[in-house]
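For reference, the structure discussed in these notes is given below.
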Amino acid sequence: MDLSYTAEDQAFRQRVRAWLAENVPRQKLITMEEKKAWHRKLYDAGFIGMGLPREYGGRDARPMEQAIVGEEMVRAKAPPPLNGLGIAIVIPTLIHHGTEQQKRRFIHKLLTAEELWCQLYSEPNAGSDLASLQCRADLDGDEFVINGQKIWTSGAHNADWGLLLARTDRTAPKHDGISCLLVDMHSPGIEVRTLKQISGSGEFCEVFFTTVRVPRENLVGDLNAGWRIAQTTLSYERGGNTLSRYARMLQQVTRLLEVCQVLQRDGRPAIEDPLVRQKLGQIYAEMEVLRYASLRILSRLERGLRPGPESSLAKLHYSELDKRVQELILDVLGPYGQQVGGLPDELALVPGVDYGEEGSWMYAFLWSRAGTIYAGSSEIQKNIIGERVLGLPKEVRADRVVAQTAGAARGDGAD
Amino acid sequence: MDFEFTEDQVMLRGLVREFLSEQCPVSHVRAMMDDSRGYDRDLYRRLIQLGMLPFPEAYGGAGLGMIEQAIVLEEMGRIPYPGPYFATVILAGGALMASGDRRTQARYLPDVSNGDLTMSLAFLEGGIAWGPETIRLSLRRDRDGYRLDGIKRFVPFGQSVDVILVVARAGEGRSAEGISLVAVPAGTPGLAIEPELMMDLTSKTATLRFEGVSVPAENLVGPEGGAWPAVELALRQAAVGASAEMLGAARKALEMSVDYAKVRKQFGQYIGQFQAIKHKLAEMLELVENAHAAVYYAAWALDARAPDAALAASVAKSTVNVAGRRVCGEAIQVHGGIGFTWEYDLHLYFKRAKHLEPLYGDTEYHRERVLQEVLAGRVAGSA
């Protein structure tokens, strides 16, 4: 056991830090062209999909190097790259299950963000119980015909392509009749509507499919093998880079400590109030534990161990902690934490943000409510931990009657 | 960056687990609950002789670090081991090592290392505090030596160890200046030892009254009036060590609960099938795994003399205090009535974790310390 960074890792961190200091845009990125240009710059520097094998455009980077880049990006307040979900989910899916032609056609353009991707999994009646999805893909000659609706699709309004789970056999048990398809989001018959979220912003979409035709060659893996394919890559979405999540919380709480020197509470700076100090000490300790736990995961990845159901522990940990962090921040700041626009600079997380924009205390607070829902809710994670880590017997499920032939453990819950 | 244990560390854990499970079954633990000394001297000697002590080889130790001590203590928490290992090795041994006083180290540590000598550290007095301001026990020069007057409470195994290191103060101040450490053998005239009857019967403690206790000058440990840094470091190590022991108790309570939920049936199904129980057990596992990360990070930070060692120690104790009470408490809840009986072993772990919770800093104390360290900038320098 040695928790120090190697000289090699420290040198790498210095190089990343120097590059970011030189290249992080000083102005806020507004247009998609600006965002794509920044993404391309990151790609050319070797910071996008860097853990992928070189043959697919990656750098064969170690998990530690990826974590360092994630952490330094937050520290440098660098705008995030595009296609995050595509890089985390679509590329591993294609590498493990795609045809050679699919790999050549899609991976490079996804990495460079020449093409933007979305993940078409959840439906209005298939959330945690993802396998009950109803969106249909009926084979008609050399084409699939898609009809149905998807929801909570991040970035669908900007996407060029989508990774779709659809039902291809309605007579099979529910887990066995699903296939995985690559869908051109510019196809006729697709309608995308953005959903306004509680933050006032609109990143999530509803997607409607009306007789959308997808060529058969866009099927990933075997027909009706979509559920298994989705399972092998879902855990990539969970607990991958918790260090950068720690870095973001740290940035907010560090700023909170500064604000507490200025904000008056009962006639003295809040930082002198014993109850405030207790809360700050508690939350800082909890964040440190997230850092230690992240290092533990990282050290396993460095040894070549793949994230298994244990990644559910990491996901549960950081998403629930984020809610506690944001609640605490608003406890300490009172009404000032809820003010958007016009907040004095010395009290703001980032001065001058408008309603519905990232960078206010309020925005971070509201978004913390999403983290325990997407990528498998906390309740789904606890089922996975209970059944697949602790080995507890499965609960009695009403849908098991039809699903009994469908085989072993299911870890439901996609996005 | 490597958070996994080395082969040697894995072997050490295996060695201690095998020894304790064979030599210290729960029947022995329960026998010691009714024993006035609270431990078996022969078992203690053989345990010490396993060769896992943190002292230099010149004093008969194995030169091991805090990570190894955390492994040993975690295993003890799983039993829970009744005996003065923590008092002797972590508290007194830690203070002796931290004092840098080679003469005193050479006087006591070889006997400690072969199991012939047991020791403890007497710190708490009237109230609850872990800083120098709480120390009032008076130290005065007296002919060729020193005279001690005052009271110490909750001294671990104070009724059955051979030598007690006493934290004392010369004069009336409240600061760290003037704090001294003095070795007082049990049986010294003027020292009255009263066993305390505590909730956790496997962890004995005593009240020590000092009335004109005279010790020779050679019993002073470290510089006169300058012992606080050594005491502070020993308490920091004790906080991490206690966290490790609580982690062991919590993990054992979790394992018992998971096993129980797999065999206990109600409403025609195993209770582990119910989400009410399954989710509780998942939350307990998260608490235990986070406690593991906190304990071993802190142990590493102490060994590595990392800039955030004090921060990490306080993170660990405040984290494991909460994890210990919640995991051991929920374990009773999962078991239901059987978990509330004297006969079932769960209360041994529940009480051991509770026993250690206020010692070497309670949760609020360590949260305040966390903030102080952060505001002082003593955080991990990751670059």
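Chain lettering (A, B, ...) mirrors the order of the structure tokens, residue numbering begins at 1 for each chain separately, and ligand numbering begins at 1 in order of display.
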
Q.
Could you go through region 212-272 of chain A and tell me which residues DSSP, when run on the backbone, assigns to alpha helix (DSSP H), listing them as a ChimeraX atom specification?
A. /A:226-237,242-262

Would you output that residue set with N, CA, C and O atoms, as a tab-separated table (two decimals), in the first residue's frame?
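Saved file again.tsv follows:
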chain	number	residue	atom	x	y	z
A	226	GLY	N	-29.71	-7.26	-27.37
A	226	GLY	CA	-29.48	-5.87	-26.93
A	226	GLY	C	-29.36	-5.70	-25.42
A	226	GLY	O	-28.58	-4.88	-24.94
A	227	TRP	N	-30.12	-6.49	-24.67
A	227	TRP	CA	-30.08	-6.32	-23.22
A	227	TRP	C	-28.71	-6.67	-22.67
A	227	TRP	O	-28.13	-5.94	-21.86
A	228	ARG	N	-28.18	-7.80	-23.15
A	228	ARG	CA	-26.88	-8.24	-22.67
A	228	ARG	C	-25.80	-7.23	-23.06
A	228	ARG	O	-24.89	-6.91	-22.29
A	229	ILE	N	-25.93	-6.70	-24.27
A	229	ILE	CA	-24.95	-5.71	-24.74
A	229	ILE	C	-24.99	-4.46	-23.86
A	229	ILE	O	-23.96	-3.94	-23.43
A	230	ALA	N	-26.21	-4.02	-23.56
A	230	ALA	CA	-26.35	-2.83	-22.72
A	230	ALA	C	-25.76	-3.08	-21.33
A	230	ALA	O	-25.13	-2.21	-20.73
A	231	GLN	N	-25.94	-4.28	-20.81
A	231	GLN	CA	-25.43	-4.62	-19.49
A	231	GLN	C	-23.91	-4.53	-19.41
A	231	GLN	O	-23.36	-4.09	-18.42
A	232	THR	N	-23.25	-4.99	-20.47
A	232	THR	CA	-21.78	-5.03	-20.40
A	232	THR	C	-21.19	-3.63	-20.37
A	232	THR	O	-20.08	-3.43	-19.92
A	233	THR	N	-21.94	-2.65	-20.89
A	233	THR	CA	-21.36	-1.31	-20.96
A	233	THR	C	-21.98	-0.33	-19.97
A	233	THR	O	-21.45	0.74	-19.77
A	234	LEU	N	-23.09	-0.74	-19.32
A	234	LEU	CA	-23.73	0.20	-18.38
A	234	LEU	C	-22.82	0.58	-17.23
A	234	LEU	O	-22.85	1.72	-16.77
A	235	SER	N	-22.02	-0.38	-16.77
A	235	SER	CA	-21.20	-0.07	-15.60
A	235	SER	C	-20.13	0.97	-15.93
A	235	SER	O	-19.57	1.59	-15.04
A	236	TYR	N	-19.86	1.20	-17.24
A	236	TYR	CA	-18.93	2.28	-17.58
A	236	TYR	C	-19.49	3.63	-17.16
A	236	TYR	O	-18.76	4.57	-16.91
A	237	GLU	N	-20.85	3.69	-17.17
A	237	GLU	CA	-21.49	4.95	-16.84
A	237	GLU	C	-21.43	5.21	-15.33
A	237	GLU	O	-21.61	6.32	-14.88
A	242	THR	N	-14.70	9.20	-10.49
A	242	THR	CA	-15.21	9.88	-9.30
A	242	THR	C	-14.28	10.98	-8.83
A	242	THR	O	-14.71	11.89	-8.13
A	243	LEU	N	-12.99	10.92	-9.20
A	243	LEU	CA	-12.07	11.96	-8.73
A	243	LEU	C	-12.45	13.33	-9.29
A	243	LEU	O	-12.32	14.34	-8.60
A	244	SER	N	-12.92	13.38	-10.53
A	244	SER	CA	-13.29	14.68	-11.07
A	244	SER	C	-14.58	15.18	-10.41
A	244	SER	O	-14.79	16.38	-10.31
A	245	ARG	N	-15.42	14.25	-9.97
A	245	ARG	CA	-16.61	14.69	-9.21
A	245	ARG	C	-16.18	15.26	-7.86
A	245	ARG	O	-16.72	16.26	-7.39
A	246	TYR	N	-15.20	14.60	-7.24
A	246	TYR	CA	-14.64	15.14	-5.99
A	246	TYR	C	-14.08	16.54	-6.25
A	246	TYR	O	-14.30	17.46	-5.47
A	247	ALA	N	-13.34	16.69	-7.36
A	247	ALA	CA	-12.70	17.97	-7.65
A	247	ALA	C	-13.75	19.07	-7.78
A	247	ALA	O	-13.54	20.20	-7.32
A	248	ARG	N	-14.90	18.73	-8.39
A	248	ARG	CA	-15.95	19.74	-8.54
A	248	ARG	C	-16.55	20.13	-7.18
A	248	ARG	O	-16.74	21.31	-6.90
A	249	MET	N	-16.82	19.12	-6.34
A	249	MET	CA	-17.33	19.42	-5.00
A	249	MET	C	-16.32	20.25	-4.22
A	249	MET	O	-16.68	21.20	-3.51
A	250	LEU	N	-15.05	19.89	-4.35
A	250	LEU	CA	-14.01	20.60	-3.61
A	250	LEU	C	-13.97	22.07	-4.03
A	250	LEU	O	-13.84	22.97	-3.18
A	251	GLN	N	-14.10	22.29	-5.33
A	251	GLN	CA	-14.09	23.66	-5.84
A	251	GLN	C	-15.23	24.47	-5.20
A	251	GLN	O	-15.03	25.60	-4.76
A	252	GLN	N	-16.41	23.87	-5.13
A	252	GLN	CA	-17.56	24.57	-4.56
A	252	GLN	C	-17.39	24.82	-3.07
A	252	GLN	O	-17.67	25.91	-2.57
A	253	VAL	N	-16.92	23.80	-2.34
A	253	VAL	CA	-16.79	23.95	-0.89
A	253	VAL	C	-15.63	24.89	-0.54
A	253	VAL	O	-15.70	25.65	0.43
A	254	THR	N	-14.56	24.85	-1.33
A	254	THR	CA	-13.46	25.79	-1.11
A	254	THR	C	-13.96	27.23	-1.28
A	254	THR	O	-13.63	28.12	-0.49
A	255	ARG	N	-14.79	27.43	-2.30
A	255	ARG	CA	-15.38	28.76	-2.51
A	255	ARG	C	-16.30	29.11	-1.33
A	255	ARG	O	-16.32	30.25	-0.86
A	256	LEU	N	-17.04	28.12	-0.84
A	256	LEU	CA	-17.93	28.35	0.30
A	256	LEU	C	-17.14	28.83	1.52
A	256	LEU	O	-17.56	29.73	2.24
A	257	LEU	N	-15.96	28.22	1.74
A	257	LEU	CA	-15.13	28.64	2.89
A	257	LEU	C	-14.72	30.11	2.74
A	257	LEU	O	-14.69	30.85	3.74
A	258	GLU	N	-14.42	30.53	1.51
A	258	GLU	CA	-14.08	31.94	1.29
A	258	GLU	C	-15.28	32.83	1.60
A	258	GLU	O	-15.15	33.85	2.28
A	259	VAL	N	-16.43	32.42	1.10
A	259	VAL	CA	-17.65	33.22	1.31
A	259	VAL	C	-17.96	33.32	2.81
A	259	VAL	O	-18.42	34.37	3.29
A	260	CYS	N	-17.68	32.25	3.55
A	260	CYS	CA	-17.97	32.24	4.99
A	260	CYS	C	-17.10	33.22	5.78
A	260	CYS	O	-17.39	33.53	6.93
A	261	GLN	N	-16.00	33.67	5.19
A	261	GLN	CA	-15.19	34.70	5.85
A	261	GLN	C	-15.88	36.06	5.76
A	261	GLN	O	-15.62	36.95	6.56
A	262	VAL	N	-16.74	36.21	4.75
A	262	VAL	CA	-17.37	37.50	4.45
A	262	VAL	C	-18.80	37.54	4.97
A	262	VAL	O	-19.23	38.52	5.60

Please tabulate, as CSV, the residues of chain B that come within 8 Å of chain A, each with its closest pair of atoms and the distance in Å to one decimal, counting only C-alpha atoms and ordering rows by chain, then residue number upward.
residue,atom,partner,partner_atom,distance
B:Met1,CA,A:Leu3,CA,4.6
B:Asp2,CA,A:Asp2,CA,5.1
B:Phe3,CA,A:Met1,CA,5.0
B:Glu4,CA,A:Met1,CA,5.4
B:Phe5,CA,A:Met1,CA,5.1
B:Thr6,CA,A:Met1,CA,6.1
B:Val258,CA,A:Leu390,CA,7.1
B:Ala261,CA,A:Leu392,CA,7.5
B:Lys262,CA,A:Leu392,CA,6.2
B:Tyr270,CA,A:Pro393,CA,7.3
B:Gly272,CA,A:Leu392,CA,5.7
B:Gln273,CA,A:Glu395,CA,4.4
B:Phe274,CA,A:Glu395,CA,6.2
B:Gln275,CA,A:Asn383,CA,7.4
B:Lys278,CA,A:Gly386,CA,5.4
B:His279,CA,A:Lys382,CA,5.3
B:Leu281,CA,A:Gly386,CA,6.8
B:Ala282,CA,A:Gly386,CA,5.4
B:Glu283,CA,A:Lys382,CA,7.5
B:Glu286,CA,A:Leu313,CA,6.4
B:Asn290,CA,A:Ala293,CA,6.4
B:Ala293,CA,A:Ala293,CA,5.5
B:Ala294,CA,A:Val289,CA,5.8
B:Tyr297,CA,A:Tyr292,CA,6.6
B:Trp300,CA,A:Leu3,CA,7.1
B:Val315,CA,A:Ala285,CA,5.0
B:Ser318,CA,A:Ala285,CA,7.7
B:Thr319,CA,A:Ala285,CA,7.4
B:Glu364,CA,A:Gln278,CA,6.7
B:Arg367,CA,A:Gly281,CA,4.4
B:Glu368,CA,A:Gly281,CA,5.7
B:Arg369,CA,A:Gly281,CA,7.5
B:Val370,CA,A:Gly281,CA,5.4
B:Leu371,CA,A:Gly281,CA,4.7
B:Ser382,CA,A:Tyr5,CA,7.3
B:Ala383,CA,A:Gln10,CA,5.8

Q | Contacts of region 162-169 of chain A within 8 Å, only C-alpha atoms, excl. fewer than 2 positions in-chain, as number ranges by chain | A | A: 90, 117-121, 133-139, 146, 156, 159-160, 171-172, 176-185, 223-224, 226-227

Q: Write out as a PyMOL selection string each polymer residue whose atoms come within 12 Å of region 129-143 of chain B, counting only C-alpha atoms; drop sequence neighbours fewer than 6 positions from it.
A: chain B and resi 122-123+149-153+166-182+208-217+220+224-236+238-239+358-362+364-366+369

Q: If you run DSSP over the backbone, which residues in region 112-293 of chain B end up strand (DSSP E)? Put them as an MDAnalysis selection string.
A: chainID B and resid 119:122 138:142 145:156 163:169 179:185 191:196 205:216 220:221 265:266 269:270

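Closest approach to Glu310 (chain A) among B:Leu64, B:Leu91, B:Leu356, B:Leu285 is made by B:Leu285 (distances from only C-alpha atoms).
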
Q: List the neighbours of Ile79 (chain B) out to 9 Å using only C-alpha atoms; skip same-chain residues closer than 4 positions along the sequence, and give me the result as a ChimeraX atom specification.
A: /B:20-21,24-26,29,75,248-249,252,348-349

Residue selection dump (all heavy atoms) as an mmCIF file, in the first residue's frame:
data_model
loop_
_atom_site.group_PDB
_atom_site.id
_atom_site.type_symbol
_atom_site.label_atom_id
_atom_site.label_comp_id
_atom_site.auth_asym_id
_atom_site.auth_seq_id
_atom_site.Cartn_x
_atom_site.Cartn_y
_atom_site.Cartn_z
ATOM 1 N N LEU B 20 -6.327 -15.401 16.618
ATOM 2 C CA LEU B 20 -7.429 -14.962 17.474
ATOM 3 C C LEU B 20 -8.636 -15.897 17.367
ATOM 4 O O LEU B 20 -9.299 -16.175 18.366
ATOM 5 C CB LEU B 20 -7.835 -13.526 17.125
ATOM 6 C CG LEU B 20 -6.828 -12.449 17.544
ATOM 7 C CD1 LEU B 20 -7.262 -11.075 17.031
ATOM 8 C CD2 LEU B 20 -6.659 -12.399 19.069
ATOM 9 N N SER B 21 -8.919 -16.391 16.151
ATOM 10 C CA SER B 21 -10.102 -17.253 16.046
ATOM 11 C C SER B 21 -9.867 -18.579 16.759
ATOM 12 O O SER B 21 -10.799 -19.171 17.295
ATOM 13 C CB SER B 21 -10.495 -17.462 14.578
ATOM 14 O OG SER B 21 -9.431 -18.038 13.872
ATOM 15 N N CYS B 24 -8.786 -17.201 20.849
ATOM 16 C CA CYS B 24 -9.637 -16.251 21.566
ATOM 17 C C CYS B 24 -11.083 -16.363 21.090
ATOM 18 O O CYS B 24 -11.649 -15.405 20.546
ATOM 19 C CB CYS B 24 -9.097 -14.825 21.354
ATOM 20 S SG CYS B 24 -9.895 -13.598 22.395
ATOM 21 N N PRO B 25 -11.690 -17.550 21.267
ATOM 22 C CA PRO B 25 -13.085 -17.706 20.855
ATOM 23 C C PRO B 25 -13.990 -16.835 21.719
ATOM 24 O O PRO B 25 -13.565 -16.318 22.759
ATOM 25 C CB PRO B 25 -13.356 -19.197 21.100
ATOM 26 C CG PRO B 25 -12.397 -19.576 22.184
ATOM 27 C CD PRO B 25 -11.164 -18.731 21.959
ATOM 28 N N VAL B 26 -15.231 -16.706 21.287
ATOM 29 C CA VAL B 26 -16.133 -15.802 21.997
ATOM 30 C C VAL B 26 -16.368 -16.280 23.433
ATOM 31 O O VAL B 26 -16.634 -15.475 24.333
ATOM 32 C CB VAL B 26 -17.450 -15.626 21.203
ATOM 33 C CG1 VAL B 26 -18.324 -16.863 21.293
ATOM 34 C CG2 VAL B 26 -18.190 -14.375 21.645
ATOM 35 N N VAL B 29 -13.852 -14.509 25.350
ATOM 36 C CA VAL B 29 -14.215 -13.091 25.480
ATOM 37 C C VAL B 29 -15.232 -12.926 26.606
ATOM 38 O O VAL B 29 -15.101 -12.056 27.467
ATOM 39 C CB VAL B 29 -14.805 -12.547 24.158
ATOM 40 C CG1 VAL B 29 -15.249 -11.100 24.330
ATOM 41 C CG2 VAL B 29 -13.789 -12.665 23.020
ATOM 42 N N GLU B 75 -8.555 -6.624 13.071
ATOM 43 C CA GLU B 75 -8.807 -8.032 13.410
ATOM 44 C C GLU B 75 -9.253 -8.166 14.865
ATOM 45 O O GLU B 75 -10.098 -8.985 15.178
ATOM 46 C CB GLU B 75 -7.563 -8.874 13.128
ATOM 47 C CG GLU B 75 -7.254 -9.028 11.643
ATOM 48 C CD GLU B 75 -8.427 -9.632 10.867
ATOM 49 O OE1 GLU B 75 -9.016 -10.618 11.354
ATOM 50 O OE2 GLU B 75 -8.762 -9.101 9.796
ATOM 51 N N GLY B 248 -13.331 -3.013 12.340
ATOM 52 C CA GLY B 248 -13.426 -4.473 12.470
ATOM 53 C C GLY B 248 -14.740 -4.899 13.091
ATOM 54 O O GLY B 248 -15.395 -5.840 12.623
ATOM 55 N N ALA B 249 -15.156 -4.185 14.147
ATOM 56 C CA ALA B 249 -16.420 -4.508 14.805
ATOM 57 C C ALA B 249 -17.589 -4.297 13.844
ATOM 58 O O ALA B 249 -18.520 -5.108 13.772
ATOM 59 C CB ALA B 249 -16.589 -3.642 16.057
ATOM 60 N N LYS B 252 -17.715 -6.968 11.077
ATOM 61 C CA LYS B 252 -18.212 -8.228 11.636
ATOM 62 C C LYS B 252 -19.734 -8.165 11.827
ATOM 63 O O LYS B 252 -20.449 -9.124 11.484
ATOM 64 C CB LYS B 252 -17.510 -8.492 12.973
ATOM 65 C CG LYS B 252 -17.985 -9.721 13.695
ATOM 66 C CD LYS B 252 -17.473 -10.994 13.052
ATOM 67 C CE LYS B 252 -17.977 -12.200 13.848
ATOM 68 N NZ LYS B 252 -17.385 -13.436 13.386
ATOM 69 N N LEU B 348 -21.676 -7.461 21.649
ATOM 70 C CA LEU B 348 -20.247 -7.302 21.943
ATOM 71 C C LEU B 348 -19.625 -6.287 20.984
ATOM 72 O O LEU B 348 -18.819 -5.440 21.383
ATOM 73 C CB LEU B 348 -19.518 -8.638 21.823
ATOM 74 C CG LEU B 348 -20.042 -9.793 22.699
ATOM 75 C CD1 LEU B 348 -19.201 -11.064 22.442
ATOM 76 C CD2 LEU B 348 -20.002 -9.417 24.175
ATOM 77 N N TYR B 349 -20.010 -6.377 19.700
ATOM 78 C CA TYR B 349 -19.460 -5.462 18.687
ATOM 79 C C TYR B 349 -20.073 -4.070 18.821
ATOM 80 O O TYR B 349 -19.387 -3.054 18.690
ATOM 81 C CB TYR B 349 -19.701 -6.039 17.287
ATOM 82 C CG TYR B 349 -19.190 -7.447 17.203
ATOM 83 C CD1 TYR B 349 -20.053 -8.534 17.213
ATOM 84 C CD2 TYR B 349 -17.821 -7.690 17.209
ATOM 85 C CE1 TYR B 349 -19.576 -9.830 17.206
ATOM 86 C CE2 TYR B 349 -17.330 -8.978 17.200
ATOM 87 C CZ TYR B 349 -18.207 -10.045 17.204
ATOM 88 O OH TYR B 349 -17.722 -11.321 17.211
#

Shell of 12 Å around Ala37 (chain A), only C-alpha atoms, local chain residues under 6 positions omitted, as a CSV table (one decimal) with N, CA, C and O atoms, in the first residue's frame:
chain,number,residue,atom,x,y,z
A,23,ASN,N,-4.2,26.9,-22.7
A,23,ASN,CA,-5.2,26.7,-23.8
A,23,ASN,C,-6.7,26.8,-23.3
A,23,ASN,O,-7.5,26.9,-24.2
A,24,VAL,N,-7.0,26.8,-22.0
A,24,VAL,CA,-8.4,26.9,-21.6
A,24,VAL,C,-8.9,28.3,-22.1
A,24,VAL,O,-8.3,29.3,-21.9
A,25,PRO,N,-10.1,28.2,-22.8
A,25,PRO,CA,-10.6,29.5,-23.4
A,25,PRO,C,-11.0,30.4,-22.3
A,25,PRO,O,-11.5,30.0,-21.2
A,29,LEU,N,-17.9,29.6,-23.8
A,29,LEU,CA,-18.2,29.1,-25.2
A,29,LEU,C,-19.7,29.1,-25.4
A,29,LEU,O,-20.5,28.5,-24.6
A,30,ILE,N,-20.2,29.7,-26.4
A,30,ILE,CA,-21.6,29.9,-26.6
A,30,ILE,C,-22.1,29.0,-27.8
A,30,ILE,O,-23.0,28.1,-27.5
A,31,THR,N,-21.5,29.1,-28.9
A,31,THR,CA,-22.0,28.4,-30.1
A,31,THR,C,-21.5,26.9,-30.1
A,31,THR,O,-20.4,26.6,-29.5
A,43,TYR,N,-8.9,16.9,-28.1
A,43,TYR,CA,-8.6,15.7,-28.8
A,43,TYR,C,-7.2,15.6,-29.3
A,43,TYR,O,-6.4,14.7,-29.1
A,44,ASP,N,-6.8,16.7,-30.0
A,44,ASP,CA,-5.5,16.8,-30.6
A,44,ASP,C,-4.4,16.7,-29.5
A,44,ASP,O,-3.3,16.3,-29.7
A,79,PRO,N,-14.0,24.2,-19.9
A,79,PRO,CA,-15.3,23.7,-20.4
A,79,PRO,C,-15.2,22.2,-20.6
A,79,PRO,O,-14.1,21.7,-21.1
A,81,PRO,N,-15.6,18.5,-22.4
A,81,PRO,CA,-15.7,18.1,-23.8
A,81,PRO,C,-17.1,17.7,-24.2
A,81,PRO,O,-17.9,17.6,-23.4
A,82,LEU,N,-17.3,17.5,-25.5
A,82,LEU,CA,-18.6,17.0,-26.0
A,82,LEU,C,-18.6,15.5,-25.9
A,82,LEU,O,-17.6,14.9,-25.7
A,112,THR,N,-13.8,12.8,-32.2
A,112,THR,CA,-13.4,14.1,-32.6
A,112,THR,C,-14.6,15.1,-32.5
A,112,THR,O,-14.5,16.3,-32.7
A,113,ALA,N,-15.8,14.5,-32.1
A,113,ALA,CA,-17.0,15.3,-32.0
A,113,ALA,C,-17.5,15.9,-33.4
A,113,ALA,O,-18.2,16.8,-33.4
A,114,GLU,N,-16.9,15.3,-34.5
A,114,GLU,CA,-17.5,15.7,-35.8
A,114,GLU,C,-19.0,15.2,-35.8
A,114,GLU,O,-19.8,15.9,-36.5

Q) Which neighbours of Met33 (chain B) fall inside 10 Å, counting only C-alpha atoms, when residues of the same chain fewer than 6 positions from it are skipped, and could you give them as a VMD selection string? A) chain B and resid 39 82 200 to 204

Write out, as an mmCIF file, in the first residue's frame, the residues just selected, with N, CA and C atoms.
data_model
loop_
_atom_site.group_PDB
_atom_site.id
_atom_site.type_symbol
_atom_site.label_atom_id
_atom_site.label_comp_id
_atom_site.auth_asym_id
_atom_site.auth_seq_id
_atom_site.Cartn_x
_atom_site.Cartn_y
_atom_site.Cartn_z
ATOM 1 N N TYR B 39 -8.249 -9.715 31.194
ATOM 2 C CA TYR B 39 -7.533 -10.391 30.111
ATOM 3 C C TYR B 39 -6.698 -11.524 30.658
ATOM 4 N N PRO B 82 -10.301 -8.952 24.102
ATOM 5 C CA PRO B 82 -10.227 -8.285 25.401
ATOM 6 C C PRO B 82 -8.794 -8.319 25.928
ATOM 7 N N ASP B 200 -19.219 -1.595 28.058
ATOM 8 C CA ASP B 200 -18.474 -2.630 27.340
ATOM 9 C C ASP B 200 -17.586 -3.372 28.331
ATOM 10 N N LEU B 201 -18.026 -4.546 28.734
ATOM 11 C CA LEU B 201 -17.288 -5.286 29.763
ATOM 12 C C LEU B 201 -16.007 -5.912 29.229
ATOM 13 N N THR B 202 -15.797 -5.838 27.907
ATOM 14 C CA THR B 202 -14.565 -6.416 27.342
ATOM 15 C C THR B 202 -13.430 -5.389 27.296
ATOM 16 N N SER B 203 -13.733 -4.132 27.600
ATOM 17 C CA SER B 203 -12.708 -3.082 27.619
ATOM 18 C C SER B 203 -12.667 -2.481 29.025
ATOM 19 N N LYS B 204 -11.735 -2.944 29.814
ATOM 20 C CA LYS B 204 -11.683 -2.469 31.197
ATOM 21 C C LYS B 204 -11.072 -1.075 31.267
#

(Q) So, with only C-alpha atoms as the atoms that count, which of B:Arg46, B:Arg107, B:Arg102, B:Lys280 lies closest to Tyr85 (chain B)? (A) B:Arg46

**Q.** Coordinates-based distance that separates CA of Trp161 (chain A) from CA of Gln102 (chain A) (Å, one decimal)
**A.**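 Straight-line distance from CA of Gln102 (chain A) to CA of Trp161 (chain A) works out to 12.6 Å.
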
Q: Rank nothing, just name the residue among A:Gln27, A:Pro351, A:Glu72, A:Thr99 nearest to Val220 (chain A), using only C-alpha atoms.
A: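 Looking at the shortest contact to Val220 (chain A), the residue is A:Thr99.
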
Q: Name the closest residue to Met198 (chain B) among the candidates B:Leu53, B:Pro223, B:Tyr44, B:Asp34; distances are taken between atoms, counting only C-alpha atoms.
A: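 Distance minimum relative to Met198 (chain B) lands on B:Asp34.
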
Q | Atom-to-atom span, CA of Ala312 (chain B) and CA of Gly324 (chain B), Å | A |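 Going from CA of Ala312 (chain B) over to CA of Gly324 (chain B), I get 17.5 Å.
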
**Q.** Counting only C-alpha atoms, the option among A:Ile95, A:Ile87, A:Met32, A:Leu130 closest to Lys109 (chain A)
**A.**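 Among A:Ile95, A:Ile87, A:Met32, A:Leu130, it is A:Ile87 that comes nearest to Lys109 (chain A).
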
Q. Could you work out how far CA of Leu96 (chain B) lies from CA of Gly38 (chain B), giving the answer in Å with one decimal?
A.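 These atoms are spaced 24.1 Å apart.
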